[in-house]
file entry.tsv (TSV, C-alpha atoms)
chain	number	residue	atom	x	y	z
A	1	MET	CA	72.31	156.02	125.94
A	2	ARG	CA	70.52	155.20	122.66
A	3	PHE	CA	73.18	157.10	120.77
A	4	LEU	CA	75.91	155.06	122.46
A	5	ILE	CA	74.18	151.77	121.61
A	6	LEU	CA	73.68	152.87	118.00
A	7	PHE	CA	77.30	153.99	117.75
A	8	ILE	CA	78.59	150.65	119.10
A	9	PHE	CA	76.31	148.75	116.71
A	10	LEU	CA	77.54	150.72	113.71
A	11	ILE	CA	81.21	150.27	114.57
A	12	THR	CA	80.72	146.55	115.17
A	13	SER	CA	78.86	146.19	111.86
A	14	VAL	CA	81.61	147.95	109.95
A	15	ALA	CA	84.31	145.71	111.45
A	16	ALA	CA	82.26	142.58	110.81
A	17	ASN	CA	81.52	143.55	107.21
A	18	GLU	CA	85.22	144.05	106.56
A	19	LEU	CA	85.58	140.31	106.04
A	20	SER	CA	81.92	139.27	105.86
A	21	GLU	CA	82.56	136.64	103.18
A	22	ILE	CA	85.02	134.82	105.45
A	23	LYS	CA	82.68	133.30	108.00
A	24	ASN	CA	85.23	131.45	110.11
A	25	ILE	CA	87.54	134.31	111.08
A	26	VAL	CA	87.45	135.70	114.61
A	27	ILE	CA	89.01	139.12	115.12
A	28	HIS	CA	89.86	139.82	118.75
A	29	LYS	CA	88.81	143.13	120.20
A	30	ASP	CA	91.73	142.89	122.62
A	31	PRO	CA	94.78	141.03	121.24
A	32	LYS	CA	95.90	138.06	123.35
A	33	THR	CA	99.36	137.71	124.82
A	34	TYR	CA	101.12	134.37	125.39
A	35	ASP	CA	104.40	133.37	126.99
A	36	ASN	CA	106.81	130.89	125.44
A	37	LEU	CA	105.12	129.86	122.20
A	38	ILE	CA	107.67	127.28	121.13
A	39	PHE	CA	107.61	124.75	118.30
A	40	LEU	CA	110.17	122.68	116.40
A	41	ASP	CA	111.79	123.00	112.99
A	42	LYS	CA	112.63	119.98	110.82
A	43	LYS	CA	115.93	119.51	112.67
A	44	ASP	CA	114.14	119.43	116.06
A	45	GLN	CA	115.51	122.87	116.94
A	46	LYS	CA	113.23	125.01	119.13
A	47	ILE	CA	111.67	128.09	117.54
A	48	ASN	CA	110.20	130.80	119.76
A	49	ILE	CA	107.64	133.15	118.23
A	50	LYS	CA	109.16	136.03	120.23
A	51	ASP	CA	112.12	135.85	117.84
A	52	PHE	CA	109.75	137.13	115.15
A	53	ASN	CA	108.42	140.21	116.94
A	54	GLY	CA	108.32	142.98	114.37
A	55	SER	CA	106.85	140.62	111.77
A	56	LEU	CA	103.28	139.71	110.97
A	57	VAL	CA	103.11	136.00	111.85
A	58	LEU	CA	100.60	133.37	110.74
A	59	MET	CA	100.73	129.98	112.44
A	60	ASN	CA	98.80	127.44	110.44
A	61	PHE	CA	98.14	124.16	112.26
A	62	TRP	CA	97.52	121.17	109.99
A	63	ALA	CA	97.77	117.40	109.58
A	64	THR	CA	98.54	115.14	106.62
A	65	TRP	CA	95.19	113.34	106.98
A	66	CYS	CA	93.21	116.62	106.93
A	67	GLU	CA	91.49	117.22	103.59
A	68	PRO	CA	90.66	120.93	104.23
A	69	CYS	CA	94.34	121.42	105.17
A	70	LYS	CA	95.32	119.95	101.83
A	71	GLU	CA	92.90	122.27	100.01
A	72	GLU	CA	94.13	125.50	101.62
A	73	MET	CA	97.87	124.79	101.65
A	74	PRO	CA	98.58	125.94	98.04
A	75	SER	CA	96.91	129.33	98.62
A	76	LEU	CA	98.79	129.66	101.92
A	77	ASP	CA	102.01	128.95	100.02
A	78	ARG	CA	101.21	131.76	97.57
A	79	LEU	CA	100.36	134.12	100.45
A	80	GLN	CA	103.89	133.69	101.85
A	81	ASN	CA	105.26	134.99	98.56
A	82	ASN	CA	102.76	137.85	98.13
A	83	PRO	CA	104.68	141.10	97.44
A	84	LYS	CA	101.97	143.14	99.22
A	85	LEU	CA	102.86	141.35	102.47
A	86	ASN	CA	106.62	141.79	102.68
A	87	ASN	CA	106.68	141.57	106.49
A	88	LEU	CA	104.78	138.27	106.68
A	89	LYS	CA	106.15	135.04	108.11
A	90	ILE	CA	104.04	131.89	107.85
A	91	PHE	CA	104.71	128.81	109.94
A	92	VAL	CA	102.88	125.66	108.85
A	93	ILE	CA	102.91	123.55	111.99
A	94	ASN	CA	102.12	119.86	111.76
A	95	ILE	CA	100.30	118.64	114.87
A	96	GLU	CA	100.91	114.94	114.26
A	97	LYS	CA	103.84	112.89	115.42
A	98	GLU	CA	104.68	112.33	111.78
A	99	ASN	CA	108.08	111.70	110.39
A	100	LEU	CA	109.72	114.33	108.24
A	101	LYS	CA	109.66	112.09	105.17
A	102	LYS	CA	105.85	111.82	105.25
A	103	VAL	CA	105.42	115.55	105.83
A	104	ASN	CA	107.83	116.44	103.01
A	105	LYS	CA	105.98	114.06	100.67
A	106	PHE	CA	102.67	115.76	101.56
A	107	LEU	CA	104.10	119.23	100.81
A	108	GLN	CA	105.85	118.04	97.65
A	109	GLU	CA	102.64	116.51	96.27
A	110	LEU	CA	100.97	119.92	96.70
A	111	ASN	CA	103.93	121.69	95.04
A	112	ILE	CA	104.60	123.82	98.14
A	113	LYS	CA	107.68	125.96	97.47
A	114	ASN	CA	107.55	128.91	99.88
A	115	LEU	CA	106.83	127.16	103.18
A	116	GLU	CA	108.94	124.98	105.44
A	117	PRO	CA	107.34	122.42	107.76
A	118	TYR	CA	107.39	122.92	111.51
A	119	PHE	CA	106.17	120.63	114.25
A	120	ASP	CA	104.24	120.81	117.50
A	121	ASN	CA	105.65	117.77	119.14
A	122	PRO	CA	104.49	116.87	121.75
A	123	ILE	CA	101.39	118.97	120.95
A	124	THR	CA	102.03	121.55	123.65
A	125	LEU	CA	101.50	124.61	121.46
A	126	ALA	CA	98.10	123.40	120.25
A	127	LYS	CA	97.04	122.99	123.88
A	128	LYS	CA	98.42	126.36	124.93
A	129	LEU	CA	96.53	128.07	122.09
A	130	SER	CA	93.36	126.01	122.82
A	131	LEU	CA	92.99	124.72	119.27
A	132	ARG	CA	89.71	122.97	118.57
A	133	GLY	CA	90.66	121.33	115.29
A	134	VAL	CA	92.61	121.63	112.07
A	135	PRO	CA	93.15	123.56	110.04
A	136	THR	CA	93.40	126.53	112.36
A	137	THR	CA	95.41	129.65	111.59
A	138	VAL	CA	96.44	131.97	114.41
A	139	LEU	CA	97.49	135.49	113.41
A	140	PHE	CA	99.98	137.51	115.46
A	141	ASN	CA	100.62	141.22	115.03
A	142	THR	CA	104.09	142.78	114.95
A	143	GLU	CA	104.06	142.96	118.76
A	144	GLY	CA	103.61	139.18	118.99
A	145	LYS	CA	99.98	139.33	120.13
A	146	GLU	CA	97.22	137.17	118.69
A	147	PHE	CA	94.78	139.51	116.96
A	148	ALA	CA	92.72	137.03	114.95
A	149	ARG	CA	92.10	133.35	114.37
A	150	ILE	CA	90.76	131.39	111.43
A	151	MET	CA	89.00	128.20	112.45
A	152	GLY	CA	88.76	125.91	109.47
A	153	SER	CA	90.03	126.45	105.98
A	154	ILE	CA	89.87	129.56	103.82
A	155	ASP	CA	91.14	130.67	100.46
A	156	PHE	CA	94.25	132.68	101.30
A	157	ASP	CA	94.13	134.11	97.76
A	158	ASN	CA	90.96	136.03	98.71
A	159	LEU	CA	91.68	139.66	97.77
A	160	LYS	CA	89.59	141.11	100.61
A	161	PHE	CA	91.49	138.97	103.08
A	162	ILE	CA	94.84	140.10	101.64
A	163	GLU	CA	93.82	143.77	101.73
A	164	TRP	CA	92.66	143.38	105.34
A	165	LEU	CA	95.89	141.60	106.30
A	166	LYS	CA	97.96	144.42	104.78
A	167	ASN	CA	96.73	146.65	107.61
A	168	TYR	CA	98.80	144.54	110.03
A	169	ASN	CA	101.87	144.08	107.78
call {"tool": "encode", "arguments": {"input": "entry.tsv", "output": "structure tokens"}}
result
Amino acid sequence: MRFLILFIFLITSVAANELSEIKNIVIHKDPKTYDNLIFLDKKDQKINIKDFNGSLVLMNFWATWCEPCKEEMPSLDRLQNNPKLNNLKIFVINIEKENLKKVNKFLQELNIKNLEPYFDNPITLAKKLSLRGVPTTVLFNTEGKEFARIMGSIDFDNLKFIEWLKNYN
């Protein structure tokens, strides 16, 4: 029994130390499955995450008034274009009922070139995923299951984070 407890402790410690400098990431032991994760593109067309099975998907929820969102968006933009993550699709999903002009201005001011805005209107996806605030990034594996979540902002240029994410690419 002691051996089993020690073994579990060591495995847990190794997994936790993998990304120890990123304090606000939660890695799920058992990936979560959802039905009908739908959001809107800038033309109000419905997008279903199931259409992206086979890809590593990051859904970043943000708002124009959110200062941490503004700080992390440029590194998220660079992550989308990272050659080490060629199977990555990032959706930056605005949770406000903002107009496209305001959202485009926000992204333009930050010089965002690799990301298109998407919308959760009327905030059904945020409720379904039980978001507690913004920014929040939900990570889905190639099978479409949530395997991790980042609550709050991070530096998406972090090399340890990128190396860890490559394991799911």
call {"tool": "atom_distance", "arguments": {"input": "entry.tsv", "atom1": "atom CA of A:Ile27", "atom2": "atom CA of A:Ala148"}}
result
4.3 Å
call {"tool": "residues_around", "arguments": {"input": "entry.tsv", "residues": "A:Phe39", "least_positions_apart": "4", "cutoff": "8 Å", "atoms": "all atoms listed in the file", "output": "list of chain:residue names"}}
result
A:Lys46, A:Ile47, A:Asn48, A:Ile93, A:Tyr118, A:Phe119, A:Asp120, A:Asn121, A:Leu125
call {"tool": "residues_near_point", "arguments": {"input": "entry.tsv", "point": "(102.6, 109.2, 113.2)", "cutoff": "12 Å", "atoms": "only C-alpha atoms", "output": "VMD selection string"}}
result
chain A and resid 63 to 65 94 to 103 121 to 122
call {"tool": "atom_distance", "arguments": {"input": "entry.tsv", "atom1": "atom CA of A:Thr137", "atom2": "atom CA of A:Leu159"}}
result
17.5 Å
call {"tool": "closest_residue", "arguments": {"input": "entry.tsv", "among": "A:Ile90, A:Ile22, A:Ile123, A:Leu85", "to": "A:Ser153", "atoms": "all atoms listed in the file"}}
result
A:Ile22
call {"tool": "closest_residue", "arguments": {"input": "entry.tsv", "among": "A:Lys70, A:Lys160, A:Lys42, A:Lys29", "to": "A:Ile112", "atoms": "all atoms listed in the file"}}
result
A:Lys70
call {"tool": "residues_around", "arguments": {"input": "entry.tsv", "residues": "A:Phe161", "least_positions_apart": "4", "cutoff": "12 Å", "atoms": "all atoms listed in the file", "output": "JSON, numbers by chain"}}
result
{"A": [17, 18, 19, 20, 21, 22, 23, 25, 75, 76, 79, 84, 85, 150, 154, 155, 156, 157, 165, 166, 167, 168]}
call {"tool": "closest_residue", "arguments": {"input": "entry.tsv", "among": "A:Leu131, A:Leu139, A:Val57, A:Val92", "to": "A:Leu40", "atoms": "all atoms listed in the file"}}
result
A:Val92
call {"tool": "residues_around", "arguments": {"input": "entry.tsv", "residues": "A:Lys128", "least_positions_apart": "2", "cutoff": "10 Å", "atoms": "only C-alpha atoms", "output": "compact mmCIF listing (two decimals) with C-alpha atoms, in the coordinates of the input"}}
result
# COMPACT_ATOMS: atom_id res chain seq x y z
CA TYR A 34 101.12 134.37 125.39
CA ASP A 35 104.40 133.37 126.99
CA ASN A 36 106.81 130.89 125.44
CA LEU A 37 105.12 129.86 122.20
CA ILE A 123 101.39 118.97 120.95
CA THR A 124 102.03 121.55 123.65
CA LEU A 125 101.50 124.61 121.46
CA ALA A 126 98.10 123.40 120.25
CA SER A 130 93.36 126.01 122.82
CA LEU A 131 92.99 124.72 119.27
call {"tool": "closest_residue", "arguments": {"input": "entry.tsv", "among": "A:Asn104, A:Gln45, A:Asn158, A:Thr142", "to": "A:Arg78", "atoms": "all atoms listed in the file"}}
result
A:Asn158
call {"tool": "atom_distance", "arguments": {"input": "entry.tsv", "atom1": "atom CA of A:Gly144", "atom2": "atom CA of A:Cys69"}}
result
24.3 Å
